[in-house]
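Report on the structure given below.
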Amino acid sequence: MKLLTKTTLYFLIAMIPLLAVTGFYLFKQFSKEINYRSDKELISEEIGWVRYLQSEVDNGIIFVLKSPEVSVYPTDASAAQAPTLANIYGYTAEGDSKIPYRQLSQVVSINGNSYQIIIRQSQEQKDALVTSITRLMLFVFAGLFAATLVFNWAISKRLWKPFRRSLGKIRSAELQKMEAIHFENTNIEEFNELNTSLNYMAGKMHKDYVNMKEFTENAAHEMQTPVAIVQSKLELLLQDDNLKDDQVQSILESATALNRLSKLNEGLLLLAKIENNQYETKEEINLAELSEKYLHLFDEFIKEKQLNIKTNFQGSFIINVHPVLAGSLISNLLGNAIKYNYNGGTIEIIISQNDYHISNTSMENPIASEKLFTRLRVSREGQEPSNGLGLSLVKKIVDVNNLLITYHAQNGIHSFDIMRNIPA
Amino acid sequence: MKILIIEDERALQESIMKYLQHQGFICEAVSDFLTGKEKVTRFVYDCIVIDIGLPYGSGLDIVKELQYMESKAGIVIISAKNTLEDKLKGLDLGADDYLAKPFYLSELTSRINAIIRRRNFGGNNVITFNEINLEAEAQRVTVDGKAVVLTDKEYQLLEYFIANRRRLLTKAAIAEHIWGDEYQQVSNFDFIYTHIKNLRKKLMDAGSGDYIKTIYRAGYRFTD
């Protein structure tokens, strides 16, 4: 529900008791007015009756009148100074329904004789008054309702414009371009407050982003430097001619492990940098050409393992991606296809305009799909050491470049397909 | 050949110095920006190895200074930053080469050799090891004046071996030098053996000594 709709609703609900009170007040006022008029008439009528009674009593007649409208009869009660005026309900002349009456009653003393005078006047119009006031209030309510609807529409179009503008900016905001975002001042205090906070937040995010970037780079620096020291020391140690064979082996194994550590660090950094969107500059990369390049680069290995390479480039799969990431993508996939292949095995690369397919023969078991792209998933079965980052890098690169990757393994053939991610 | 090493990590600085001295270079080393800058303005070196992150300043500013002085010294940047942008920036400022840490000392030596040759002798420089002569520009190899036809990879291997003569070179270091970083993808280095076997045979067929020694399970050593 829109904020404005909700406030309007609350407003209208609040209007109901207000209108009811107003209606009641109006009824009271009108009713008082009607009573006042009735009273005046009743009193002047009473005066008429008193005058009439006086002339009748002077003539020595005991007067008795009983009708629904007027009752005059002698009574024992003592006379009252002023008439009593009251609202009562009574039967109509026809006697079939009760209606409101204004009634005047007074005991008057006429030449020493007490007379009770009761005069009533119908106030049937009071019932009608309730109906018309209710109708009026309903009409006002409906008018208010319609007016607020129209106002809402107009207000939400105009008044909320700066809000929508800010919202649009937030939606299109990109982490690495936070610096460029500015939320302007408006003439509405709340929006100004919001925009000030947003400006503050954008600034802080930009600062954090820069810090994060620096941190990743510093982390690389801090980790690679000690590795460089150890590696150089090991290399120097190896030059000692007096080393025993097993000592040389120990140094070499340390060097290999160190190399793995360094590569692992590089891989994690690459992942972090991709996650920090530090590979945003994109170029059009032809995956067919890139695959040719890497096939050439890995030529020695392919020959060594006597692999049979089948390529079928039916079209050129061109994607927009940072060249470093494109290289990492293909070298990881092709590197794996070589690494996990057996001697005399086959690698097949089929490229069409919207699909990059690479498959290889392998002795390895199919990779469980839930572990496929998990970081640091190291296969303990294969004899080839791996840092377990290759496929998660592939996955990350595919994800950030709006591509999809699928994996199949059947009859000892493992295959990956990269496709464009076209939103359904 | 005089080399200046500007590197703030003492341990690394010492390693580099020791290895280069073994290979016949005269080395000096400093550990911060200010002394580094003072050294390059006051003395002449054949090659300067500069780390980017230094106390009191950036190694890149020393590169700029050298460029401004129109120095003839070769410049190798060594940095822990391994991004394309940093690499291009360093080279744009006038460095001859950029090595990301960690690197092999043998790789650094080979690069320094190549830079000094390019800077000092222009096109026609000759690398000599006993009866073996390498004409770097033409990639021509002769043994006692007799031409030996080598493949690209074999030539690179030989050049690398001579630059690091008498040093034990691991298979990993050799692979990285000839085939580059990407080859780490596929981790075993047995394929090197074929190339070395061929190189050795070609040299010996041409009448050279048997200089390439196999160190069991470790690597190779080029030595007389």
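Chain labels run A, B, ... following the order of the structure tokens; each chain numbers its residues from 1, and ligands are numbered from 1 in the order shown.
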
| task | Define the interface residues of chain B facing chain A as those within 7 Å, counting only C-alpha atoms, and report them as a list in words. | result |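 So the contacting residues turn out to be Ala11, Leu12, Ser15, Tyr19, Ala80, Lys81, Lys101, Pro102, Phe103, Tyr104, Leu105, Arg167, Leu168, Gln185, Val186, Phe191 and Ala218 of chain B.
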
Next, write the just-selected residues to a file, as a compact mmCIF listing (two decimals), in the first residue's frame, keeping C-alpha atoms as the atom set.
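Dumped everything to part_22.txt:
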# COMPACT_ATOMS: atom_id res chain seq x y z
CA ALA B 11 66.41 -10.45 3.67
CA LEU B 12 65.30 -10.21 0.06
CA SER B 15 69.41 -12.82 -1.42
CA TYR B 19 72.94 -14.38 -6.23
CA ALA B 80 54.30 -7.32 -4.95
CA LYS B 81 51.59 -5.66 -7.00
CA LYS B 101 57.05 -10.88 -6.28
CA PRO B 102 57.73 -13.66 -5.63
CA PHE B 103 60.19 -14.22 -8.46
CA TYR B 104 63.08 -16.59 -9.09
CA LEU B 105 66.53 -15.06 -8.61
CA ARG B 167 73.65 -22.36 -10.71
CA LEU B 168 71.18 -25.15 -10.00
CA GLN B 185 48.00 -24.42 -14.44
CA VAL B 186 49.28 -27.77 -15.44
CA PHE B 191 58.06 -31.85 -20.83
CA ALA B 218 66.00 -31.39 -8.75

| message | So that I can check the surroundings of range 172-178 of chain B, please list as a PyMOL selection string every protein, DNA and RNA residue that reaches within 8 Å of it, counting only C-alpha atoms and ignoring chain neighbours fewer than 4 positions away. | response | chain B and resi 104+106-107+153+156-157+183-184+189+192

| Got a sec: who's within 9 Å of Gly74 in chain B, counting only C-alpha atoms, leaving out chain neighbours fewer than 5 positions off, as a ChimeraX atom specification? | /B:45-49,95-97,112,115-116,118-119

I need the chosen residues saved as a compact mmCIF listing (two decimals), in the first residue's frame, with C-alpha atoms.
# COMPACT_ATOMS: atom_id res chain seq x y z
CA TYR B 45 75.00 1.87 -12.73
CA ASP B 46 74.40 -0.56 -15.53
CA CYS B 47 71.16 -1.72 -14.06
CA ILE B 48 68.97 -0.71 -11.16
CA VAL B 49 66.53 -3.04 -9.41
CA ALA B 95 61.32 0.89 -16.68
CA ASP B 96 62.68 -1.88 -18.91
CA ASP B 97 61.02 -4.73 -17.09
CA ILE B 112 69.06 -8.05 -15.98
CA ILE B 115 68.43 -5.45 -20.36
CA ILE B 116 72.11 -4.64 -20.03
CA ARG B 118 69.98 -4.25 -25.07
CA ARG B 119 71.05 -0.98 -23.45

| request: List every residue of range 4-122 of chain A that DSSP, applied to the backbone, labels as strand (DSSP E), and write the result as a PyMOL selection string. | output: chain A and resi 65-66+70-74+84-91+98-110+113-122

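Distances to Ile318 in chain A were evaluated for A:Leu264, A:Leu403, A:Val70, A:Leu372 using only C-alpha atoms, and the minimum falls at A:Leu403.
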
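Distance annotation: of A:Gln410, A:Asn87, A:Ser291, A:Thr134, the residue with the minimal separation from Phe313 in chain A is A:Ser291; atom set is only C-alpha atoms.
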